[in-house]
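Participant: For reference, this is final08.tsv, and it has TSV, C-alpha atoms.
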chain	number	residue	atom	x	y	z
O	9	MET	CA	114.27	125.09	99.16
O	10	SER	CA	115.04	127.12	102.26
O	11	ASN	CA	114.30	125.80	105.73
O	12	ARG	CA	114.12	129.31	107.14
O	13	GLU	CA	110.99	130.48	108.85
O	14	TYR	CA	110.08	134.15	108.83
O	15	LYS	CA	107.68	136.05	111.04
O	16	GLU	CA	106.69	139.66	111.30
O	17	LEU	CA	108.32	141.64	114.06
O	18	ASN	CA	106.35	144.65	115.30
O	19	CYS	CA	108.21	146.73	117.84
O	20	THR	CA	109.33	150.21	118.74
O	21	ILE	CA	113.02	150.98	118.29
O	22	ASN	CA	114.35	154.23	119.71
O	23	GLY	CA	110.86	155.71	119.79
O	24	LYS	CA	109.84	154.74	116.25
O	25	LYS	CA	107.42	151.91	115.40
O	26	TYR	CA	108.61	149.26	112.95
O	27	SER	CA	107.16	146.22	111.24
O	28	LYS	CA	109.61	143.87	109.53
O	29	MET	CA	109.75	140.27	108.39
O	30	ILE	CA	112.65	138.53	110.14
O	31	ASP	CA	114.18	135.09	110.36
O	32	VAL	CA	112.86	133.58	113.61
O	33	ARG	CA	116.38	132.34	114.42
O	34	ALA	CA	117.96	135.80	114.23
O	35	SER	CA	119.35	137.37	117.36
O	36	LEU	CA	118.22	140.84	118.30
O	37	THR	CA	121.84	141.96	117.84
O	38	ASP	CA	121.86	140.83	114.22
O	39	VAL	CA	118.48	142.39	113.42
O	40	LEU	CA	119.38	145.72	115.04
O	41	ARG	CA	122.76	145.90	113.30
O	42	ASN	CA	121.92	144.40	109.91
O	43	ASP	CA	118.32	145.47	109.34
O	44	PHE	CA	118.28	148.81	111.18
O	45	SER	CA	121.96	149.88	110.93
O	46	LEU	CA	122.17	150.44	114.69
O	47	THR	CA	125.89	149.86	115.01
O	48	SER	CA	126.16	150.93	118.65
O	49	VAL	CA	124.97	147.39	119.36
O	50	LYS	CA	128.30	145.57	119.28
O	51	LYS	CA	129.03	141.93	118.58
O	52	GLY	CA	131.47	140.81	121.24
O	53	CYS	CA	131.37	137.35	122.75
O	54	GLU	CA	127.97	136.40	121.24
O	55	VAL	CA	127.22	134.22	124.29
O	56	GLY	CA	125.85	136.85	126.69
O	57	GLU	CA	128.94	137.34	128.83
O	58	CYS	CA	130.61	140.61	127.75
O	59	GLY	CA	127.66	143.05	127.63
O	60	ALA	CA	128.79	144.82	124.46
O	61	CYS	CA	125.44	144.07	122.80
O	62	ASN	CA	123.37	145.33	125.72
O	63	VAL	CA	120.12	147.14	124.87
O	64	LEU	CA	117.11	148.20	126.89
O	65	ILE	CA	113.91	146.28	126.29
O	66	ASN	CA	110.96	147.95	127.98
O	67	GLY	CA	113.54	149.77	130.11
O	68	GLU	CA	115.39	146.65	131.27
O	69	SER	CA	118.92	145.66	130.22
O	70	PHE	CA	119.34	142.58	128.06
O	71	ASN	CA	122.23	141.07	126.15
O	72	SER	CA	120.76	141.18	122.66
O	73	CYS	CA	123.09	138.47	121.34
O	74	ILE	CA	121.21	135.79	123.30
O	75	TYR	CA	117.77	137.38	122.85
O	76	LEU	CA	115.88	136.24	119.78
O	77	ALA	CA	114.62	139.21	117.81
O	78	ILE	CA	111.14	137.71	117.55
O	79	TRP	CA	110.88	137.88	121.37
O	80	ALA	CA	110.94	141.67	121.01
O	81	ASP	CA	107.57	141.64	119.27
O	82	GLY	CA	105.38	144.32	120.82
O	83	LYS	CA	108.23	145.69	122.93
O	84	GLU	CA	110.16	148.93	123.12
O	85	ILE	CA	113.86	148.67	122.36
O	86	THR	CA	116.38	151.39	123.13
O	87	THR	CA	119.92	151.48	121.80
O	88	LEU	CA	122.55	154.14	122.39
O	89	GLU	CA	121.33	155.94	119.26
O	90	GLY	CA	117.98	156.43	121.00
O	91	LEU	CA	119.44	158.26	124.00
O	92	GLN	CA	120.49	161.45	122.26
O	93	LYS	CA	118.23	164.40	122.96
O	94	GLU	CA	116.43	166.09	120.06
O	95	ASP	CA	118.77	169.08	120.18
O	96	GLY	CA	121.78	166.76	119.91
O	97	THR	CA	123.00	167.16	123.47
O	98	LEU	CA	124.17	164.16	125.42
O	99	LEU	CA	122.45	162.68	128.43
O	100	ASP	CA	124.08	163.44	131.77
O	101	ILE	CA	125.43	159.88	131.99
O	102	GLN	CA	127.04	160.19	128.56
O	103	GLN	CA	128.69	163.47	129.55
O	104	ALA	CA	129.83	161.91	132.83
O	105	PHE	CA	131.58	159.14	130.87
O	106	ILE	CA	133.50	161.83	129.00
O	107	ASP	CA	134.23	163.89	132.13
O	108	GLU	CA	135.42	160.87	134.12
O	109	ALA	CA	137.50	159.39	131.26
O	110	ALA	CA	135.35	156.25	131.36
O	111	VAL	CA	135.71	155.82	127.60
O	112	GLN	CA	138.83	154.64	125.85
O	113	CYS	CA	138.38	152.42	122.80
O	114	GLY	CA	134.60	152.75	123.13
O	115	PHE	CA	133.67	149.22	122.09
O	116	CYS	CA	131.93	148.33	125.35
O	117	THR	CA	130.69	151.85	126.10
O	118	PRO	CA	127.22	151.72	124.47
O	119	GLY	CA	126.22	148.62	126.42
O	120	VAL	CA	127.70	149.95	129.65
O	121	ILE	CA	125.85	153.25	129.29
O	122	LEU	CA	122.54	151.47	128.66
O	123	THR	CA	122.94	149.42	131.83
O	124	ALA	CA	123.77	152.65	133.68
O	125	VAL	CA	120.59	154.24	132.27
O	126	GLU	CA	118.51	151.38	133.66
O	127	ILE	CA	120.15	151.73	137.08
O	128	LEU	CA	119.84	155.53	137.14
O	129	ASN	CA	116.19	155.41	136.10
O	130	ARG	CA	115.42	153.61	139.37
O	131	ASN	CA	116.09	156.91	141.22
O	132	LYS	CA	117.73	155.00	144.04
O	133	ARG	CA	121.01	155.61	145.88
O	134	TYR	CA	123.53	152.80	145.66
O	135	SER	CA	126.90	152.33	147.34
O	136	ARG	CA	129.99	151.96	145.16
O	137	ASP	CA	130.01	148.24	145.92
O	138	GLU	CA	126.37	147.96	144.84
O	139	LEU	CA	127.13	149.89	141.65
O	140	ARG	CA	130.04	147.56	140.91
O	141	GLN	CA	127.72	144.57	141.33
O	142	LEU	CA	124.98	146.12	139.20
O	143	MET	CA	127.48	146.95	136.44
O	144	SER	CA	129.27	143.59	136.63
O	145	GLY	CA	127.73	142.20	133.45
O	146	HIS	CA	130.21	144.15	131.32
O	147	MET	CA	133.79	143.47	130.37
O	148	CYS	CA	136.05	146.39	129.54
O	149	ARG	CA	139.66	145.82	128.59
O	150	CYS	CA	140.67	149.48	128.43
O	151	THR	CA	139.46	151.66	131.27
O	152	GLY	CA	139.54	149.40	134.23
O	153	TYR	CA	136.28	149.90	136.01
O	154	ASP	CA	136.88	152.72	138.48
O	155	ASN	CA	136.22	155.49	135.94
O	156	ILE	CA	133.00	153.80	134.82
O	157	ILE	CA	131.79	153.52	138.42
O	158	ASN	CA	132.86	157.13	139.02
O	159	ALA	CA	130.70	158.28	136.08
O	160	VAL	CA	127.65	156.30	137.21
O	161	GLU	CA	128.06	157.40	140.83
O	162	LYS	CA	128.51	161.06	139.86
O	163	THR	CA	125.38	161.00	137.71
O	164	MET	CA	123.37	159.17	140.39
O	165	ASN	CA	124.40	161.69	143.04
O	166	ASN	CA	123.66	164.69	140.79
O	167	ARG	CA	120.23	163.37	139.86
O	168	LEU	CA	119.27	162.53	143.45
O	169	LYS	CA	120.55	165.92	144.66
O	170	ALA	CA	118.44	167.66	142.00
O	171	GLN	CA	115.41	165.74	143.32
O	172	GLY	CA	116.20	166.74	146.91
O	173	LYS	CA	117.09	163.19	147.93
As structure tokens, what does this structure read like?
Facilitator:
Amino acid sequence: MSNREYKELNCTINGKKYSKMIDVRASLTDVLRNDFSLTSVKKGCEVGECGACNVLINGESFNSCIYLAIWADGKEITTLEGLQKEDGTLLDIQQAFIDEAAVQCGFCTPGVILTAVEILNRNKRYSRDELRQLMSGHMCRCTGYDNIINAVEKTMNNRLKAQGK
């Protein structure tokens, strides 16, 4: 006899509505990876410190490894797979990561980009020090952090310039 309890999860993932029975103890990371094959959500530290599992929930960044999947009921979840435009082109922040060499091994990149998306969607100008602080929930062993901050800053400045700010 199993002691597992299952509940129905109803949520929107990358713009598509889903209903699925899940183990109430499952992390959002595990459900996204195992049940929906969204492998951009990485399993790093599994204690909410590295940011590799970061996703957007209703537009806000969360470490999905310490977020129970059942808490996402009724919410909108965005992973890196959900950022690609319909015609297959990359978002400006994704292209900036390429242009600024902010990607090396790529393990942390999906989570970092999703945090950057949240920050950029605020349409606010930040100093480099503020950007460093806002992006501090991510550990990257390859790039250092300057190229990541360069990519976020470049995208922020381009977006604000386009808006006349």
Participant: Could you tell me, as a ChimeraX atom specification, which residues have any atom at most 6 Å from (115.5, 157.4, 119.8), counting all atoms listed in the file?
Facilitator: /O:22-23,90-91
Participant: Which distance in Å separates atom CA of Leu139 of chain O and atom CA of Ile157 of chain O, to one decimal?
Facilitator: 6.7 Å
Participant: Need the shell around Thr163 of chain O: protein/DNA/RNA residues with any atom at most 9 Å away, counting only C-alpha atoms. Skip same-chain ones fewer than 2 positions apart. Format as a PDB file with C-alpha atoms, in the coordinates of the input?
Facilitator:
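Result file is part-v2.pdb:
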ATOM      1  CA  ASP O 100     124.080 163.440 131.770  1.00  0.00           C
ATOM      2  CA  ILE O 101     125.430 159.880 131.990  1.00  0.00           C
ATOM      3  CA  ALA O 104     129.830 161.910 132.830  1.00  0.00           C
ATOM      4  CA  LEU O 128     119.840 155.530 137.140  1.00  0.00           C
ATOM      5  CA  ASN O 158     132.860 157.130 139.020  1.00  0.00           C
ATOM      6  CA  ALA O 159     130.700 158.280 136.080  1.00  0.00           C
ATOM      7  CA  VAL O 160     127.650 156.300 137.210  1.00  0.00           C
ATOM      8  CA  GLU O 161     128.060 157.400 140.830  1.00  0.00           C
ATOM      9  CA  ASN O 165     124.400 161.690 143.040  1.00  0.00           C
ATOM     10  CA  ASN O 166     123.660 164.690 140.790  1.00  0.00           C
ATOM     11  CA  ARG O 167     120.230 163.370 139.860  1.00  0.00           C
ATOM     12  CA  LEU O 168     119.270 162.530 143.450  1.00  0.00           C
TER      13      LEU O 168
END
Participant: Could you please determine the separation between atom CA of Glu16 of chain O and atom CA of Lys28 of chain O in Å, to one decimal place?
Facilitator: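 Computing the Euclidean distance for atom CA of Glu16 of chain O and atom CA of Lys28 of chain O yields 5.4 Å.
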Participant: Compare O:Gly145, O:Val125, O:Thr87, O:Ser69 by their minimum atom-to-atom distance to Phe44 of chain O, counting only C-alpha atoms, and give me the closest one.
Facilitator: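 Using only C-alpha atoms, Phe44 of chain O sits closest to O:Thr87.
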Participant: Taking into account only C-alpha atoms, which residue in the set O:Glu108, O:Glu94, O:Asp137, O:Asp81 is nearest to Cys19 of chain O?
Facilitator: O:Asp81
Participant: Calculate how many Å separate atom CA of Met143 of chain O from atom CA of Leu76 of chain O, rounding to one decimal.
Facilitator: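 Distance between the two atoms: 23.0 Å.
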Participant: Counting only C-alpha atoms, find the residues whose atoms lie at most 7 Å from (119.4, 141.7, 123.8) (file coordinates) and write them out as a list of chain:residue names.
Facilitator: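 Within the cut-off we find O:Leu36, O:Thr37, O:Cys61, O:Asn62, O:Val63, O:Phe70, O:Asn71, O:Ser72, O:Cys73, O:Ile74, O:Tyr75.
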Participant: Restricting the calculation to only C-alpha atoms: of O:Ile121, O:Ile21, O:Leu46, O:Cys58, which residue gets closest to Gln102 of chain O?
Facilitator: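 The shortest atom-to-atom distance to Gln102 of chain O comes from O:Ile121.
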Participant: N, CA, C and O atoms for segment 110-135 of chain O, written as a CSV table (one decimal), in the frame of the given file, could you do that?
Facilitator:
chain,number,residue,atom,x,y,z
O,110,ALA,N,135.8,157.6,131.3
O,110,ALA,CA,135.4,156.2,131.4
O,110,ALA,C,135.3,155.6,130.0
O,110,ALA,O,134.8,154.5,129.8
O,111,VAL,N,135.7,156.3,129.0
O,111,VAL,CA,135.7,155.8,127.6
O,111,VAL,C,137.1,155.8,127.1
O,111,VAL,O,137.9,156.8,127.2
O,112,GLN,N,137.5,154.7,126.5
O,112,GLN,CA,138.8,154.6,125.8
O,112,GLN,C,138.6,154.2,124.4
O,112,GLN,O,138.3,155.0,123.6
O,113,CYS,N,138.6,152.9,124.2
O,113,CYS,CA,138.4,152.4,122.8
O,113,CYS,C,136.9,152.6,122.4
O,113,CYS,O,136.6,152.8,121.2
O,114,GLY,N,136.0,152.5,123.4
O,114,GLY,CA,134.6,152.8,123.1
O,114,GLY,C,133.8,151.5,122.7
O,114,GLY,O,132.6,151.6,122.6
O,115,PHE,N,134.4,150.4,122.5
O,115,PHE,CA,133.7,149.2,122.1
O,115,PHE,C,132.6,148.8,123.1
O,115,PHE,O,131.4,148.6,122.7
O,116,CYS,N,132.9,148.8,124.3
O,116,CYS,CA,131.9,148.3,125.4
O,116,CYS,C,131.0,149.4,125.8
O,116,CYS,O,130.0,149.2,126.4
O,117,THR,N,131.4,150.7,125.5
O,117,THR,CA,130.7,151.8,126.1
O,117,THR,C,129.2,151.9,125.9
O,117,THR,O,128.4,152.2,126.8
O,118,PRO,N,128.7,151.6,124.7
O,118,PRO,CA,127.2,151.7,124.5
O,118,PRO,C,126.5,150.8,125.4
O,118,PRO,O,125.5,151.2,126.1
O,119,GLY,N,126.9,149.6,125.5
O,119,GLY,CA,126.2,148.6,126.4
O,119,GLY,C,126.3,149.0,127.9
O,119,GLY,O,125.4,148.9,128.6
O,120,VAL,N,127.5,149.5,128.3
O,120,VAL,CA,127.7,150.0,129.6
O,120,VAL,C,126.8,151.1,130.0
O,120,VAL,O,126.1,151.2,131.0
O,121,ILE,N,126.7,152.1,129.1
O,121,ILE,CA,125.8,153.2,129.3
O,121,ILE,C,124.4,152.8,129.4
O,121,ILE,O,123.6,153.3,130.3
O,122,LEU,N,123.9,151.9,128.6
O,122,LEU,CA,122.5,151.5,128.7
O,122,LEU,C,122.2,150.8,130.0
O,122,LEU,O,121.2,151.0,130.6
O,123,THR,N,123.1,150.0,130.5
O,123,THR,CA,122.9,149.4,131.8
O,123,THR,C,122.9,150.5,132.9
O,123,THR,O,122.0,150.5,133.8
O,124,ALA,N,123.8,151.5,132.8
O,124,ALA,CA,123.8,152.6,133.7
O,124,ALA,C,122.4,153.4,133.6
O,124,ALA,O,121.9,153.8,134.6
O,125,VAL,N,121.9,153.6,132.4
O,125,VAL,CA,120.6,154.2,132.3
O,125,VAL,C,119.5,153.5,133.0
O,125,VAL,O,118.7,154.1,133.8
O,126,GLU,N,119.5,152.2,132.9
O,126,GLU,CA,118.5,151.4,133.7
O,126,GLU,C,118.7,151.6,135.2
O,126,GLU,O,117.7,151.8,135.9
O,127,ILE,N,119.9,151.5,135.6
O,127,ILE,CA,120.2,151.7,137.1
O,127,ILE,C,119.7,153.1,137.5
O,127,ILE,O,119.1,153.3,138.5
O,128,LEU,N,120.1,154.1,136.8
O,128,LEU,CA,119.8,155.5,137.1
O,128,LEU,C,118.3,155.8,137.1
O,128,LEU,O,117.9,156.6,137.9
O,129,ASN,N,117.6,155.2,136.2
O,129,ASN,CA,116.2,155.4,136.1
O,129,ASN,C,115.4,154.9,137.3
O,129,ASN,O,114.2,155.2,137.5
O,130,ARG,N,116.1,154.1,138.1
O,130,ARG,CA,115.4,153.6,139.4
O,130,ARG,C,115.3,154.7,140.4
O,130,ARG,O,114.6,154.5,141.4
O,131,ASN,N,116.1,155.8,140.3
O,131,ASN,CA,116.1,156.9,141.2
O,131,ASN,C,116.4,156.4,142.6
O,131,ASN,O,115.7,156.8,143.6
O,132,LYS,N,117.4,155.6,142.8
O,132,LYS,CA,117.7,155.0,144.0
O,132,LYS,C,119.2,155.2,144.3
O,132,LYS,O,120.0,155.3,143.4
O,133,ARG,N,119.6,155.4,145.5
O,133,ARG,CA,121.0,155.6,145.9
O,133,ARG,C,121.6,154.2,146.1
O,133,ARG,O,121.1,153.4,146.9
O,134,TYR,N,122.8,154.0,145.5
O,134,TYR,CA,123.5,152.8,145.7
O,134,TYR,C,124.9,153.1,146.2
O,134,TYR,O,125.5,154.2,145.8
O,135,SER,N,125.5,152.2,146.9
O,135,SER,CA,126.9,152.3,147.3
O,135,SER,C,127.8,152.0,146.1
O,135,SER,O,127.3,151.4,145.2
